[in-house]
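Working notes, structure below.
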Amino acid sequence: MNKVKAAGYQGVEIDLPTDPKKKREIYAMLKDFELEFVAQHWETKEVNFAKHQDQLKKHLYNLAEANPLLINSHTGMDFYSYAQNAKLLEMAHEIEEKTGVAITHETHRSRFSFAAHACFSYLEEYSFLKLTSDLSHWCCVAESMLDNQTLAVEKAISHTYHIHARVGSALSPQLIDPRDTNYKQQLDQFLLWWVKMLKNARDKGRAYMTITPEYGPFPYSLYKPNTQIPMGDQWEINEFIRKEIIESYRNI
């Protein structure tokens with residue numbers, strides 16, 4: 001927390017335990033450091049739909065009780081039917097309305113939103129749908145930089161309330177190091193998308209947009225062969241992404 005605060009971040013994105021005592025301890029720490037937080041839900045992976053729905057409901061209410069800026073949810077499963085995933089989205093929206101805490105749904109592999117074309121149908125049907133946009137997943141699934149799915153991308157941008165800022169490619173959800181000039185095209189494309197998301201939020205009069213620089217550790221960040229030494233410095237890369245977004249947004 002000290003490092004995060006010292007670097008100038010305004011908050012963190014974390015999951016929270018269901019144990020009330022442990023949850024209060026984390027919340028107290030965030031207050032001590034004067035950090036806002038985005039609550040993250042990723043745990044529900046139950047195959048049985050009824051059990052999945054029940055688990056998701058419990059996790060979302062547990063997170064909402066802590067009054068985060070918003071809840072970022074890994075929602076549904078890619079192998080559920082359209083109707084099943086839609087039922088989960090409708091349930092999450094009901095929880096959002098009851099608690100007053102915004103719930104965004106991450107564009108993530110294995111979830112209802114695993115690909116641009118799959119998510120597009122839900123965005124067309126549900127105007128209330130809020131996204132956490134991490135388009136690196138869509139690039140990887142489609143094996144493209146989504147240049148042939150511009151309608152779905154623009155639709156996602158208009159529904160974005162939270163950003164996971166990671167640079168991917170047609171063959172990877174996370175480039176080893178986006179500072180590598182070999183990947184300038186990919187970096188430029190993601191910066192363009194992120195700035196469009198920020199501009200859309202600004203033009204719609206939203207008070208803020210939350211962004212998590214999300215370069216992850218192993219196995220997202222690959223190890224050098226036969227070692228446990230990462231091929232990229234996670235902290236340095238996330239700092240680079242943060243500064244690139246700020247600079248790009250200032251220039252529009």
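Within each chain, counting starts at residue 1; across the structure tokens, chains are named A, B, ... in the order shown, with ligands numbered 1 upward in that order.
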Requested in this report: Name the residues of region 130-219 of chain A that fall into helix (DSSP H, G or I) according to DSSP on the backbone, using the chain letters and numbers of this document, as a ChimeraX atom specification.
Outcome: /A:135-142,150-158,181-203
Would you write out those residues with N, CA and C atoms, as a CSV table (one decimal), in the first residue's frame?
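What ended up in result.csv:
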```csv
chain,number,residue,atom,x,y,z
A,135,LEU,N,-9.7,-5.1,-23.8
A,135,LEU,CA,-9.8,-5.6,-25.2
A,135,LEU,C,-8.7,-6.6,-25.6
A,136,SER,N,-7.7,-6.7,-24.7
A,136,SER,CA,-6.6,-7.7,-25.0
A,136,SER,C,-7.2,-9.1,-25.1
A,137,HIS,N,-8.3,-9.4,-24.3
A,137,HIS,CA,-8.9,-10.7,-24.4
A,137,HIS,C,-9.6,-10.9,-25.7
A,138,TRP,N,-10.2,-9.9,-26.2
A,138,TRP,CA,-10.9,-10.0,-27.5
A,138,TRP,C,-9.9,-10.2,-28.6
A,139,CYS,N,-8.8,-9.5,-28.5
A,139,CYS,CA,-7.8,-9.6,-29.6
A,139,CYS,C,-7.3,-11.1,-29.6
A,140,CYS,N,-7.0,-11.6,-28.5
A,140,CYS,CA,-6.5,-13.0,-28.4
A,140,CYS,C,-7.5,-14.0,-28.9
A,141,VAL,N,-8.7,-13.9,-28.5
A,141,VAL,CA,-9.8,-14.8,-29.0
A,141,VAL,C,-9.9,-14.7,-30.5
A,142,ALA,N,-9.9,-13.5,-31.0
A,142,ALA,CA,-10.2,-13.3,-32.5
A,142,ALA,C,-9.0,-13.5,-33.3
A,150,THR,N,-15.2,-3.5,-35.9
A,150,THR,CA,-15.2,-2.1,-35.4
A,150,THR,C,-16.5,-1.8,-34.7
A,151,LEU,N,-17.6,-2.3,-35.2
A,151,LEU,CA,-18.9,-2.0,-34.7
A,151,LEU,C,-19.0,-2.5,-33.2
A,152,ALA,N,-18.6,-3.7,-33.0
A,152,ALA,CA,-18.6,-4.2,-31.6
A,152,ALA,C,-17.7,-3.5,-30.7
A,153,VAL,N,-16.5,-3.1,-31.2
A,153,VAL,CA,-15.6,-2.3,-30.4
A,153,VAL,C,-16.1,-1.0,-30.0
A,154,GLU,N,-16.7,-0.3,-31.0
A,154,GLU,CA,-17.3,1.0,-30.7
A,154,GLU,C,-18.4,0.9,-29.8
A,155,LYS,N,-19.2,-0.1,-29.9
A,155,LYS,CA,-20.3,-0.3,-28.9
A,155,LYS,C,-19.8,-0.6,-27.5
A,156,ALA,N,-18.7,-1.4,-27.4
A,156,ALA,CA,-18.1,-1.6,-26.1
A,156,ALA,C,-17.6,-0.3,-25.5
A,157,ILE,N,-16.9,0.5,-26.3
A,157,ILE,CA,-16.4,1.8,-25.9
A,157,ILE,C,-17.5,2.6,-25.2
A,158,SER,N,-18.6,2.7,-25.9
A,158,SER,CA,-19.7,3.5,-25.4
A,158,SER,C,-20.3,3.0,-24.1
A,181,THR,N,9.8,-1.5,-29.1
A,181,THR,CA,9.4,-0.8,-30.3
A,181,THR,C,8.8,-1.8,-31.4
A,182,ASN,N,9.1,-3.1,-31.2
A,182,ASN,CA,8.5,-4.1,-32.1
A,182,ASN,C,6.9,-4.1,-32.0
A,183,TYR,N,6.4,-3.6,-30.9
A,183,TYR,CA,5.0,-3.7,-30.6
A,183,TYR,C,4.4,-2.3,-30.6
A,184,LYS,N,5.0,-1.3,-31.3
A,184,LYS,CA,4.5,0.0,-31.3
A,184,LYS,C,3.0,0.1,-31.9
A,185,GLN,N,2.8,-0.7,-32.9
A,185,GLN,CA,1.4,-0.7,-33.5
A,185,GLN,C,0.4,-1.1,-32.5
A,186,GLN,N,0.7,-2.2,-31.7
A,186,GLN,CA,-0.3,-2.6,-30.7
A,186,GLN,C,-0.5,-1.6,-29.6
A,187,LEU,N,0.6,-1.0,-29.1
A,187,LEU,CA,0.5,0.0,-28.1
A,187,LEU,C,-0.3,1.2,-28.6
A,188,ASP,N,-0.1,1.6,-29.8
A,188,ASP,CA,-0.8,2.8,-30.3
A,188,ASP,C,-2.3,2.5,-30.4
A,189,GLN,N,-2.6,1.2,-30.9
A,189,GLN,CA,-4.0,0.9,-31.0
A,189,GLN,C,-4.7,0.9,-29.6
A,190,PHE,N,-4.1,0.3,-28.6
A,190,PHE,CA,-4.7,0.3,-27.3
A,190,PHE,C,-4.8,1.7,-26.7
A,191,LEU,N,-3.8,2.5,-26.9
A,191,LEU,CA,-3.9,3.9,-26.4
A,191,LEU,C,-5.1,4.6,-27.1
A,192,LEU,N,-5.3,4.4,-28.4
A,192,LEU,CA,-6.4,4.9,-29.1
A,192,LEU,C,-7.7,4.5,-28.5
A,193,TRP,N,-7.9,3.2,-28.2
A,193,TRP,CA,-9.1,2.7,-27.6
A,193,TRP,C,-9.3,3.3,-26.3
A,194,TRP,N,-8.3,3.4,-25.4
A,194,TRP,CA,-8.4,3.9,-24.1
A,194,TRP,C,-8.8,5.4,-24.1
A,195,VAL,N,-8.2,6.1,-24.9
A,195,VAL,CA,-8.5,7.6,-25.0
A,195,VAL,C,-10.0,7.7,-25.5
A,196,LYS,N,-10.4,6.9,-26.4
A,196,LYS,CA,-11.8,7.0,-26.8
A,196,LYS,C,-12.8,6.7,-25.7
A,197,MET,N,-12.4,5.7,-24.8
A,197,MET,CA,-13.2,5.4,-23.7
A,197,MET,C,-13.3,6.5,-22.7
A,198,LEU,N,-12.2,7.2,-22.5
A,198,LEU,CA,-12.2,8.3,-21.6
A,198,LEU,C,-12.9,9.5,-22.2
A,199,LYS,N,-12.8,9.8,-23.4
A,199,LYS,CA,-13.5,10.9,-24.1
A,199,LYS,C,-15.0,10.6,-24.1
A,200,ASN,N,-15.4,9.4,-24.3
A,200,ASN,CA,-16.8,9.0,-24.2
A,200,ASN,C,-17.4,9.3,-22.9
A,201,ALA,N,-16.7,8.9,-21.8
A,201,ALA,CA,-17.2,9.2,-20.4
A,201,ALA,C,-17.2,10.7,-20.2
A,202,ARG,N,-16.2,11.4,-20.6
A,202,ARG,CA,-16.2,12.8,-20.4
A,202,ARG,C,-17.4,13.5,-21.1
A,203,ASP,N,-17.6,13.1,-22.4
A,203,ASP,CA,-18.7,13.7,-23.2
A,203,ASP,C,-20.1,13.4,-22.6
```
Report task. Might you pull out every residue within 9 Å of region 220-235 of chain A, with only C-alpha atoms counted and same-chain residues fewer than 2 positions away left off, and present them as number ranges by chain? Result -> A: 173-177, 214-218, 237-240
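Among the candidates A:Asn62, A:Gln10, A:Ser73, A:Ser133, the residue lying nearest to Glu34 (chain A) is A:Gln10 (atoms considered: only C-alpha atoms).
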Show me, as a tab-separated table, the residues of region 2-51 of chain A having an atom within 12 Å of region 91-102 of chain A, each with the closest atom pair and its distance in Å, using only C-alpha atoms.
```
residue	atom	partner	partner_atom	distance
A:Val38	CA	A:Ala102	CA	10.1
A:Ala39	CA	A:Val101	CA	10.3
A:Gln40	CA	A:Ala102	CA	11.9
A:His41	CA	A:Ala92	CA	11.9
```
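Counting only C-alpha atoms, the residue from A:Arg250, A:Ser110, A:Asp32, A:Ala86 that sits nearest to Glu125 (chain A) is A:Ala86.
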Query raised in the report: Leaving out Tyr161 (chain A) and any residue of its chain fewer than 4 positions from it, which residues lie within 8 Å of it when counting only C-alpha atoms, given as a list in words?
Result: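 Near Tyr161 (chain A), the qualifying residues are Thr104, Lys130, Leu131, Thr132, Ser133, Ala201, Met209 and Thr210 of chain A.
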Query raised in the report: How many Å separate CA of Met1 (chain A) from CA of Leu35 (chain A)?
Result: 8.8 Å
**Report entry** Secondary structure check, strand (DSSP E or B) residues of region 31-242 of chain A, as a PyMOL selection string
**Finding:** chain A and resi 36-41+71-73+103-106+131-133+160-165+169+172+210-213+223+230
Store the residues of this selection in a file with N, CA and C atoms, as a CSV table (one decimal), in the first residue's frame.
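Ended up saving to again-v9.csv:
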```csv
chain,number,residue,atom,x,y,z
A,36,GLU,N,-9.1,5.0,-2.5
A,36,GLU,CA,-10.4,4.5,-3.0
A,36,GLU,C,-10.2,3.1,-3.5
A,37,PHE,N,-11.3,2.3,-3.7
A,37,PHE,CA,-11.1,1.0,-4.3
A,37,PHE,C,-12.2,0.6,-5.2
A,38,VAL,N,-11.8,-0.2,-6.2
A,38,VAL,CA,-12.7,-1.0,-7.0
A,38,VAL,C,-12.7,-2.4,-6.5
A,39,ALA,N,-13.9,-2.9,-6.3
A,39,ALA,CA,-14.0,-4.3,-5.8
A,39,ALA,C,-14.0,-5.2,-7.0
A,40,GLN,N,-13.3,-6.3,-6.9
A,40,GLN,CA,-13.3,-7.3,-8.0
A,40,GLN,C,-13.9,-8.6,-7.6
A,41,HIS,N,-14.7,-9.1,-8.5
A,41,HIS,CA,-15.2,-10.5,-8.3
A,41,HIS,C,-14.8,-11.4,-9.5
A,71,ILE,N,-18.1,-2.3,-8.7
A,71,ILE,CA,-17.7,-3.7,-8.6
A,71,ILE,C,-17.4,-4.2,-10.1
A,72,ASN,N,-16.2,-4.7,-10.3
A,72,ASN,CA,-15.8,-5.3,-11.5
A,72,ASN,C,-16.1,-6.8,-11.4
A,73,SER,N,-17.0,-7.3,-12.3
A,73,SER,CA,-17.4,-8.7,-12.1
A,73,SER,C,-17.0,-9.5,-13.4
A,103,ILE,N,-22.1,-2.0,-11.0
A,103,ILE,CA,-21.5,-3.3,-11.3
A,103,ILE,C,-21.1,-3.3,-12.8
A,104,THR,N,-19.9,-3.4,-13.1
A,104,THR,CA,-19.4,-3.5,-14.4
A,104,THR,C,-18.9,-4.9,-14.7
A,105,HIS,N,-19.0,-5.3,-16.0
A,105,HIS,CA,-18.8,-6.7,-16.3
A,105,HIS,C,-17.6,-6.7,-17.3
A,106,GLU,N,-16.5,-7.5,-16.9
A,106,GLU,CA,-15.3,-7.4,-17.6
A,106,GLU,C,-15.3,-8.3,-18.9
A,131,LEU,N,-19.5,-2.0,-18.8
A,131,LEU,CA,-18.4,-2.9,-19.1
A,131,LEU,C,-17.1,-2.4,-18.3
A,132,THR,N,-16.3,-3.4,-17.9
A,132,THR,CA,-14.9,-3.2,-17.7
A,132,THR,C,-14.2,-3.6,-19.0
A,133,SER,N,-13.6,-2.7,-19.7
A,133,SER,CA,-13.1,-3.1,-21.0
A,133,SER,C,-11.6,-3.5,-20.9
A,160,THR,N,-18.3,1.5,-21.7
A,160,THR,CA,-17.2,1.3,-20.8
A,160,THR,C,-17.2,2.2,-19.6
A,161,TYR,N,-17.2,1.7,-18.4
A,161,TYR,CA,-17.1,2.5,-17.1
A,161,TYR,C,-15.9,2.2,-16.4
A,162,HIS,N,-15.1,1.2,-16.7
A,162,HIS,CA,-13.9,0.9,-16.0
A,162,HIS,C,-12.9,0.3,-17.1
A,163,ILE,N,-11.6,0.6,-17.0
A,163,ILE,CA,-10.7,0.1,-17.9
A,163,ILE,C,-9.6,-0.8,-17.3
A,164,HIS,N,-9.4,-1.9,-17.8
A,164,HIS,CA,-8.2,-2.7,-17.5
A,164,HIS,C,-7.2,-2.5,-18.6
A,165,ALA,N,-6.1,-1.8,-18.2
A,165,ALA,CA,-5.2,-1.3,-19.2
A,165,ALA,C,-4.0,-2.2,-19.4
A,169,SER,N,-2.2,-8.6,-28.1
A,169,SER,CA,-1.9,-8.7,-29.6
A,169,SER,C,-2.9,-9.8,-30.1
A,172,SER,N,-1.7,-13.0,-28.1
A,172,SER,CA,-1.4,-12.9,-26.7
A,172,SER,C,-2.2,-11.9,-26.0
A,210,THR,N,-12.5,5.1,-13.9
A,210,THR,CA,-11.5,4.4,-13.2
A,210,THR,C,-10.7,3.5,-14.2
A,211,ILE,N,-9.4,3.5,-13.9
A,211,ILE,CA,-8.4,2.7,-14.8
A,211,ILE,C,-7.5,1.9,-13.9
A,212,THR,N,-7.3,0.6,-14.2
A,212,THR,CA,-6.4,-0.2,-13.5
A,212,THR,C,-5.3,-0.6,-14.5
A,213,PRO,N,-4.1,-0.1,-14.4
A,213,PRO,CA,-3.0,-0.7,-15.2
A,213,PRO,C,-2.8,-2.1,-14.8
A,223,TYR,N,8.1,-16.2,-17.8
A,223,TYR,CA,9.4,-16.4,-17.2
A,223,TYR,C,10.5,-16.6,-18.3
A,230,PRO,N,10.9,-13.1,-14.2
A,230,PRO,CA,9.9,-12.5,-15.2
A,230,PRO,C,10.7,-11.9,-16.4
```
